[in-house]
Amino acid sequence: MKTEPLSSRRLRRKPFVSVWWWVTGIVLSSLFLIPLVTMLLSTFKSRTELGMKPPTLLPRELTLDNWQRLFDPSAGLIQSTMNSAIVSLGTVALTVVVSALAGYGFGRFRFRGSGVLFFVVLAGLMVPFTVLLTPLLVVLRGMGLSNNLFGVMLVYTVYQLPFCIFIMRNAFSGIPNEIEEAALMDGCTRVGVFRRIFIPLVIPGIVTSAIFAFLNSWNEFLAALVLLTDQEKFTLPIMLAVRQVGKFGTVDWGLLDTGIVVSMIPCLLIFFLLQRYYVSGIFSGAAK
């Protein structure tokens, strides 16, 4: 009795596996895309249509009223978007600089107590952020930085640092010692090695830290709500929460959906543009 070769069975099974792979991928992608598409279509519906039951999928009549109200200068959402951009970009700059320097120290130097100090840094990941809000508010008031965008940057930076230092430490420790020794023998200083040799090699880790810091600071709501009191300094998530309330306490779904779409665009653009570095940086941080 002849038996079919194993290679033939694998070739015959391969199209079947490929079909199920694509079907599974399409189904899972639809679970994520359908709510996003529905939200995008809702931005072109009128307030009356958004309140209809059962709800409509496609707009019966396209309108730009939600977009016009969102970008109305008197609404304050343009200013809040600028505030979010300032806070997010400032947080990214501070986080990348501090985490790169700290990661270089932890990854390339061994000194007494370095392991304990690194554990203390990682312990910050175990502390809930809400627990730290009151002490941080007291500290900022003592420094004269309460109700200040720079103070919010500092708070966000402190919150991002433990994870970003972890990523950068693994990125620097993965560089072979021979590269550093060769550069030092050629007359390069420690600063030169860090700037010319190490920084280009740890770009994936830097991009990962930058994306992580930007996404968290751009979407953060609770800390900004506690630390900021003047409406002209509100970030975009706070202003959306304020503006979503319509007449008699109803939710203005059109304005809210439009604001969410606008706040989502920078996150998607940054992630898709830097996805290659982000994935490799996360894998480096998890594998070492």
# chains A, B, ... in the order shown; residues from 1 in each chain; ligands from 1
$ select_by_dssp --residues "segment 20-140 of chain A" --states "helix (DSSP H, G or I)" --output "PyMOL selection string"
chain A and resi 20-42+47-50+65-70+73-75+77-108+114-126+129-140
$ residues_around --residues "Leu149 of chain A" --least-positions-apart "6" --cutoff "12 Å" --atoms "only C-alpha atoms" --output "list in words"
Ser80, Met82, Asn83, Ser84, Ala85, Ile86, Val87, Ser88, Leu89, Gly90, Thr91, Leu140, Val155, Tyr156, Ser217, Ala223, Ala224, Leu225, Leu227, Leu228, Thr229, Asp230, Glu232, Lys233, Phe234 and Thr235 of chain A
$ write_last_selection --atoms "C-alpha atoms" --output "PDB file, in the first residue's frame"
ATOM      1  CA  SER A  80      -6.955  73.003  23.100  1.00  0.00           C
ATOM      2  CA  MET A  82      -2.493  73.364  20.135  1.00  0.00           C
ATOM      3  CA  ASN A  83      -2.128  72.855  23.896  1.00  0.00           C
ATOM      4  CA  SER A  84      -2.192  69.074  23.417  1.00  0.00           C
ATOM      5  CA  ALA A  85       0.421  69.334  20.660  1.00  0.00           C
ATOM      6  CA  ILE A  86       2.712  71.487  22.835  1.00  0.00           C
ATOM      7  CA  VAL A  87       2.385  69.181  25.827  1.00  0.00           C
ATOM      8  CA  SER A  88       2.821  66.004  23.770  1.00  0.00           C
ATOM      9  CA  LEU A  89       5.853  67.188  21.797  1.00  0.00           C
ATOM     10  CA  GLY A  90       7.469  68.607  24.949  1.00  0.00           C
ATOM     11  CA  THR A  91       6.878  65.311  26.751  1.00  0.00           C
ATOM     12  CA  LEU A 140       4.018  71.519  41.365  1.00  0.00           C
ATOM     13  CA  VAL A 155       4.235  64.998  35.178  1.00  0.00           C
ATOM     14  CA  TYR A 156       3.754  63.133  31.904  1.00  0.00           C
ATOM     15  CA  SER A 217       0.410  62.243  26.638  1.00  0.00           C
ATOM     16  CA  ALA A 223      -3.929  64.268  35.094  1.00  0.00           C
ATOM     17  CA  ALA A 224      -4.643  67.250  32.828  1.00  0.00           C
ATOM     18  CA  LEU A 225      -8.100  67.589  34.387  1.00  0.00           C
ATOM     19  CA  LEU A 227      -3.553  69.885  37.113  1.00  0.00           C
ATOM     20  CA  LEU A 228      -5.182  72.492  34.816  1.00  0.00           C
ATOM     21  CA  THR A 229      -7.906  74.893  35.902  1.00  0.00           C
ATOM     22  CA  ASP A 230      -7.966  77.640  33.224  1.00  0.00           C
ATOM     23  CA  GLU A 232      -7.633  78.343  27.748  1.00  0.00           C
ATOM     24  CA  LYS A 233      -5.010  75.837  28.924  1.00  0.00           C
ATOM     25  CA  PHE A 234      -7.198  72.733  28.595  1.00  0.00           C
ATOM     26  CA  THR A 235      -5.921  69.935  26.394  1.00  0.00           C
TER      27      THR A 235
END
$ closest_residue --among "A:Ala213, A:Val97, A:Leu62, A:Val19" --to "Met153 of chain A" --atoms "only C-alpha atoms"
A:Ala213
$ atom_distance --atom1 "atom CA of Phe163 of chain A" --atom2 "atom CA of Leu132 of chain A"
16.6 Å
$ residues_around --residues "segment 44-49 of chain A" --least-positions-apart "6" --cutoff "10 Å" --atoms "only C-alpha atoms" --output "list in words"
Pro55, Thr56, Leu57, Leu58, Pro59, Arg60, Glu61, Leu62, Thr63, Leu64, Asp65, Asn66, Trp67, Asp252, Trp253, Gly254, Leu255, Asp257 and Thr258 of chain A
$ closest_residue --among "A:Val226, A:Leu41, A:Leu125, A:Val138" --to "Ile238 of chain A" --atoms "only C-alpha atoms"
A:Val226
$ residues_around --residues "Leu269 of chain A" --least-positions-apart "6" --cutoff "12 Å" --atoms "only C-alpha atoms" --output "list in words"
Ile211, Phe214, Leu215, Val262, Ser263 and Gln275 of chain A
$ residues_around --residues "Phe212 of chain A" --least-positions-apart "2" --cutoff "10 Å" --atoms "only C-alpha atoms" --output "tab-separated table (two decimals) with N, CA and C atoms, in the first residue's frame"
chain	number	residue	atom	x	y	z
A	92	VAL	N	7.56	64.26	24.69
A	92	VAL	CA	8.40	63.37	23.87
A	92	VAL	C	9.86	63.79	23.94
A	95	THR	N	11.25	63.05	27.50
A	95	THR	CA	11.31	61.61	27.74
A	95	THR	C	12.44	60.96	26.96
A	160	GLN	N	6.14	58.44	31.99
A	160	GLN	CA	6.63	57.64	30.87
A	160	GLN	C	8.01	57.04	31.12
A	163	PHE	N	9.09	52.90	31.76
A	163	PHE	CA	9.03	52.02	30.60
A	163	PHE	C	10.06	52.41	29.55
A	164	CYS	N	10.23	53.71	29.29
A	164	CYS	CA	11.17	54.16	28.26
A	164	CYS	C	12.61	53.87	28.67
A	206	ILE	N	14.64	54.50	20.45
A	206	ILE	CA	14.26	55.90	20.58
A	206	ILE	C	12.87	56.15	19.99
A	207	VAL	N	12.62	55.57	18.82
A	207	VAL	CA	11.30	55.74	18.18
A	207	VAL	C	10.21	55.10	19.03
A	208	THR	N	10.50	53.93	19.59
A	208	THR	CA	9.51	53.28	20.46
A	208	THR	C	9.18	54.15	21.66
A	209	SER	N	10.21	54.71	22.29
A	209	SER	CA	9.98	55.59	23.44
A	209	SER	C	9.20	56.83	23.04
A	210	ALA	N	9.53	57.39	21.87
A	210	ALA	CA	8.85	58.60	21.42
A	210	ALA	C	7.37	58.34	21.13
A	214	PHE	N	4.27	59.94	23.16
A	214	PHE	CA	3.31	60.79	22.45
A	214	PHE	C	1.89	60.28	22.61
A	215	LEU	N	1.68	58.99	22.39
A	215	LEU	CA	0.32	58.45	22.47
A	215	LEU	C	-0.27	58.62	23.86
A	216	ASN	N	0.53	58.38	24.89
A	216	ASN	CA	0.01	58.50	26.25
A	216	ASN	C	-0.27	59.94	26.64
A	217	SER	N	0.62	60.84	26.27
A	217	SER	CA	0.41	62.24	26.64
A	217	SER	C	-0.68	62.89	25.79
A	271	PHE	N	2.06	56.43	14.04
A	271	PHE	CA	2.27	54.99	14.17
A	271	PHE	C	2.57	54.35	12.82
A	278	TYR	N	9.02	50.93	15.54
A	278	TYR	CA	8.29	50.66	16.77
A	278	TYR	C	8.25	49.16	17.08
$ atom_distance --atom1 "atom CA of Phe129 of chain A" --atom2 "atom CA of Gln79 of chain A"
26.4 Å
